[in-house]
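J.: The structure that follows is given in the form of structure tokens.
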Amino acid sequence: MSRHLSTCRVEPWGLRLECPTPEDPFSDSEVTWLMPALGLRLTHHRPRSRHARSGPSVLSAVRVQRDGRAWRTTDLLLGLAVPGGTTARIVHCEEFAAAVAGRVLGPLDADQALRTVHRTLEEVSLHRHDLGSWLTHRGIYDVWPSL
């Protein structure tokens with residue numbers, strides 16, 4: 001897939017991306033942070049209307065490979081939805097299970113996804129499901145989602 005980016009910046013913690021989503025009737029843009037050291041992709045969709053309710057941020061288990069200027073991600077098909085103010089929950093379980101059963105996702109990647117998501121759920125829970133607090137704990141002092 002190819003998209004035009006409005007922001008693409010390398011940060012000490014990873015890569016910050018933002019792209020418009022003109023095909024989405026509810027979302028104006030998608031903000032994504034790739035955090036290779038954590039094995040995570042953090043995504044948030046900015047609503048089109050200032051009055052619309054914002055959806056949850058999603059932390060997805062990924063494998064990130066960086067080769068010079070190129071960043072490649074492999075989605076490990078398991079993640080956490082963190083709505084803010086309420087409990088985070090594991091998402092995409094059905095897709096993950098189907099990929100493992102169909103051997104689309106190998107045992108090492110499946111194990112990495114499970115470990116990453118459960119570790120992150122535990123850490124986010126210790127920070128009362130507040131992504132800003134969890135990110136600060138991880139040494140990332142940028143505001144999420146960025147304005």
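Residue numbering restarts at 1 in every chain; chains get A, B, ... in the order shown in the structure tokens, and ligands count up from 1 in that same order.
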With DSSP run on the backbone, what are the alpha helix (DSSP H) residues within stretch 27-114 of chain A? I'd like them as a short mmCIF file (atom, residue, chain, number, x, y, z; two decimals) with N, CA, C and O atoms, in the first residue's frame.
T.:
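So the final result, stored in part-v3.cif, reads:
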```cif
data_model
loop_
_atom_site.label_atom_id
_atom_site.label_comp_id
_atom_site.auth_asym_id
_atom_site.auth_seq_id
_atom_site.Cartn_x
_atom_site.Cartn_y
_atom_site.Cartn_z
N CYS A 93 -7.96 -10.88 18.06
CA CYS A 93 -7.70 -12.27 18.48
C CYS A 93 -8.08 -13.28 17.41
O CYS A 93 -7.36 -14.26 17.20
N GLU A 94 -9.22 -13.05 16.75
CA GLU A 94 -9.69 -14.00 15.75
C GLU A 94 -8.74 -14.08 14.56
O GLU A 94 -8.41 -15.18 14.09
N GLU A 95 -8.28 -12.91 14.08
CA GLU A 95 -7.34 -12.88 12.96
C GLU A 95 -6.02 -13.55 13.35
O GLU A 95 -5.43 -14.29 12.58
N PHE A 96 -5.58 -13.28 14.58
CA PHE A 96 -4.35 -13.87 15.07
C PHE A 96 -4.47 -15.40 15.12
O PHE A 96 -3.60 -16.11 14.62
N ALA A 97 -5.55 -15.88 15.71
CA ALA A 97 -5.77 -17.32 15.83
C ALA A 97 -5.84 -17.99 14.45
O ALA A 97 -5.26 -19.06 14.23
N ALA A 98 -6.54 -17.36 13.52
CA ALA A 98 -6.66 -17.92 12.17
C ALA A 98 -5.29 -17.95 11.47
O ALA A 98 -4.97 -18.93 10.78
N ALA A 99 -4.48 -16.91 11.66
CA ALA A 99 -3.16 -16.86 11.04
C ALA A 99 -2.24 -17.92 11.62
O ALA A 99 -1.45 -18.54 10.90
N VAL A 100 -2.34 -18.16 12.92
CA VAL A 100 -1.52 -19.19 13.56
C VAL A 100 -1.99 -20.57 13.10
O VAL A 100 -1.17 -21.41 12.71
N ALA A 101 -3.31 -20.80 13.12
CA ALA A 101 -3.85 -22.10 12.70
C ALA A 101 -3.53 -22.39 11.24
O ALA A 101 -3.24 -23.53 10.88
N PRO A 107 5.44 -19.93 14.57
CA PRO A 107 5.47 -20.03 16.03
C PRO A 107 6.31 -18.94 16.71
O PRO A 107 5.92 -18.43 17.76
N LEU A 108 7.43 -18.57 16.12
CA LEU A 108 8.27 -17.53 16.74
C LEU A 108 7.58 -16.17 16.72
O LEU A 108 7.59 -15.43 17.71
N ASP A 109 6.95 -15.83 15.58
CA ASP A 109 6.21 -14.56 15.50
C ASP A 109 4.99 -14.58 16.41
O ASP A 109 4.67 -13.58 17.06
N ALA A 110 4.29 -15.71 16.47
CA ALA A 110 3.12 -15.82 17.35
C ALA A 110 3.53 -15.64 18.81
O ALA A 110 2.87 -14.92 19.57
N ASP A 111 4.62 -16.27 19.20
CA ASP A 111 5.12 -16.14 20.56
C ASP A 111 5.52 -14.70 20.86
O ASP A 111 5.20 -14.16 21.92
N GLN A 112 6.21 -14.07 19.90
CA GLN A 112 6.60 -12.67 20.09
C GLN A 112 5.37 -11.78 20.25
O GLN A 112 5.34 -10.89 21.10
N ALA A 113 4.34 -12.00 19.43
CA ALA A 113 3.12 -11.19 19.52
C ALA A 113 2.46 -11.35 20.89
O ALA A 113 2.09 -10.36 21.53
N LEU A 114 2.33 -12.58 21.35
CA LEU A 114 1.69 -12.83 22.66
C LEU A 114 2.49 -12.18 23.79
O LEU A 114 1.92 -11.52 24.66
#
```
J.: Which residues, written as a PDB file with C-alpha atoms, in the first residue's frame, have at least one atom at most 9 Å from A:Gly39, with only C-alpha atoms counted and residues fewer than 2 positions away on the same chain left out?
T.:
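Output file result-v1.pdb follows:
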```pdb
ATOM      1  CA  LEU A  34       6.654   2.857  15.134  1.00  0.00           C
ATOM      2  CA  MET A  35       8.570   1.909  18.285  1.00  0.00           C
ATOM      3  CA  PRO A  36      11.039  -0.818  17.243  1.00  0.00           C
ATOM      4  CA  ALA A  37      12.625  -1.318  20.672  1.00  0.00           C
ATOM      5  CA  ARG A  41       3.034   0.306  16.408  1.00  0.00           C
ATOM      6  CA  SER A  60      -0.156  -3.484  17.684  1.00  0.00           C
ATOM      7  CA  ALA A  61       2.619  -6.047  17.966  1.00  0.00           C
ATOM      8  CA  VAL A  62       4.969  -5.646  15.004  1.00  0.00           C
ATOM      9  CA  ARG A  63       8.416  -6.611  13.875  1.00  0.00           C
ATOM     10  CA  VAL A  64      10.290  -3.549  12.605  1.00  0.00           C
ATOM     11  CA  GLN A 112       6.600 -12.665  20.089  1.00  0.00           C
ATOM     12  CA  ALA A 113       3.115 -11.191  19.518  1.00  0.00           C
ATOM     13  CA  THR A 116       4.628  -8.207  23.485  1.00  0.00           C
TER      14      THR A 116
END
```
J.: Leaving out A:Val124 and any residue of its chain fewer than 3 positions from it, which residues lie within 9 Å of it when counting only C-alpha atoms, given as a list in words?
T.: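 After dropping sequence-adjacent residues, the list is Val82, Ala88, Arg119, Thr120, Leu121, His127, Arg128, His129, Asp130, Leu131, Ser133, Trp134 and Leu135 of chain A.
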J.: How far is it from atom CA of A:Ser49 to atom CA of A:Thr7, in Å with one decimal?
T.: 20.6 Å
J.: Residues at most 6 Å from stretch 16-23 of chain A, counting only C-alpha atoms, excluding those fewer than 6 positions away in the same chain, as a short mmCIF file (atom, residue, chain, number, x, y, z; two decimals) with N, CA and C atoms, in the first residue's frame?
T.:
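Written out: result_39.cif:
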```cif
data_model
loop_
_atom_site.label_atom_id
_atom_site.label_comp_id
_atom_site.auth_asym_id
_atom_site.auth_seq_id
_atom_site.Cartn_x
_atom_site.Cartn_y
_atom_site.Cartn_z
N LEU A 5 2.33 11.03 2.85
CA LEU A 5 2.48 11.35 4.26
C LEU A 5 2.50 12.85 4.46
N SER A 6 1.83 13.32 5.50
CA SER A 6 1.94 14.73 5.86
C SER A 6 3.06 14.92 6.88
N THR A 7 3.42 13.86 7.60
CA THR A 7 4.54 13.88 8.54
C THR A 7 5.28 12.55 8.47
N CYS A 8 6.59 12.63 8.42
CA CYS A 8 7.43 11.44 8.50
C CYS A 8 8.74 11.90 9.12
N ARG A 9 8.93 11.54 10.39
CA ARG A 9 10.09 12.05 11.12
C ARG A 9 10.69 10.95 11.99
N SER A 29 -7.32 11.88 9.50
CA SER A 29 -5.96 11.40 9.29
C SER A 29 -5.64 10.28 10.27
N GLU A 30 -4.55 9.59 9.97
CA GLU A 30 -4.08 8.51 10.82
C GLU A 30 -2.68 8.87 11.32
N VAL A 31 -2.52 8.83 12.63
CA VAL A 31 -1.23 9.10 13.26
C VAL A 31 -0.66 7.75 13.69
N THR A 32 0.59 7.49 13.31
CA THR A 32 1.23 6.21 13.65
C THR A 32 2.63 6.47 14.17
N TRP A 33 2.97 5.78 15.25
CA TRP A 33 4.33 5.78 15.76
C TRP A 33 4.84 4.36 15.71
#
```
J.: Could you go through chain A and tell me which residues DSSP, when run on the backbone, assigns to strand (DSSP E or B), listing them as a PyMOL selection string?
T.: chain A and resi 7-11+14-20+27-35+40-47+57-67+70-82+89-91
J.: What gap, in Å, lies between atom CA of A:Ile90 and atom CA of A:His118?
T.: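 Computing it gives 8.6 Å between the two atoms.
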J.: To one decimal place in Å, what is the distance between atom CA of A:Asp142 and atom CA of A:Pro56?
T.: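 Calculated distance between atom CA of A:Asp142 and atom CA of A:Pro56 is 18.1 Å.
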J.: When distances are computed from only C-alpha atoms, which of A:Thr74, A:Arg115, A:His137, A:Leu38 shows the smallest separation from A:Trp13?
T.: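 When distances to A:Trp13 are compared using only C-alpha atoms, the smallest one comes from A:Leu38.
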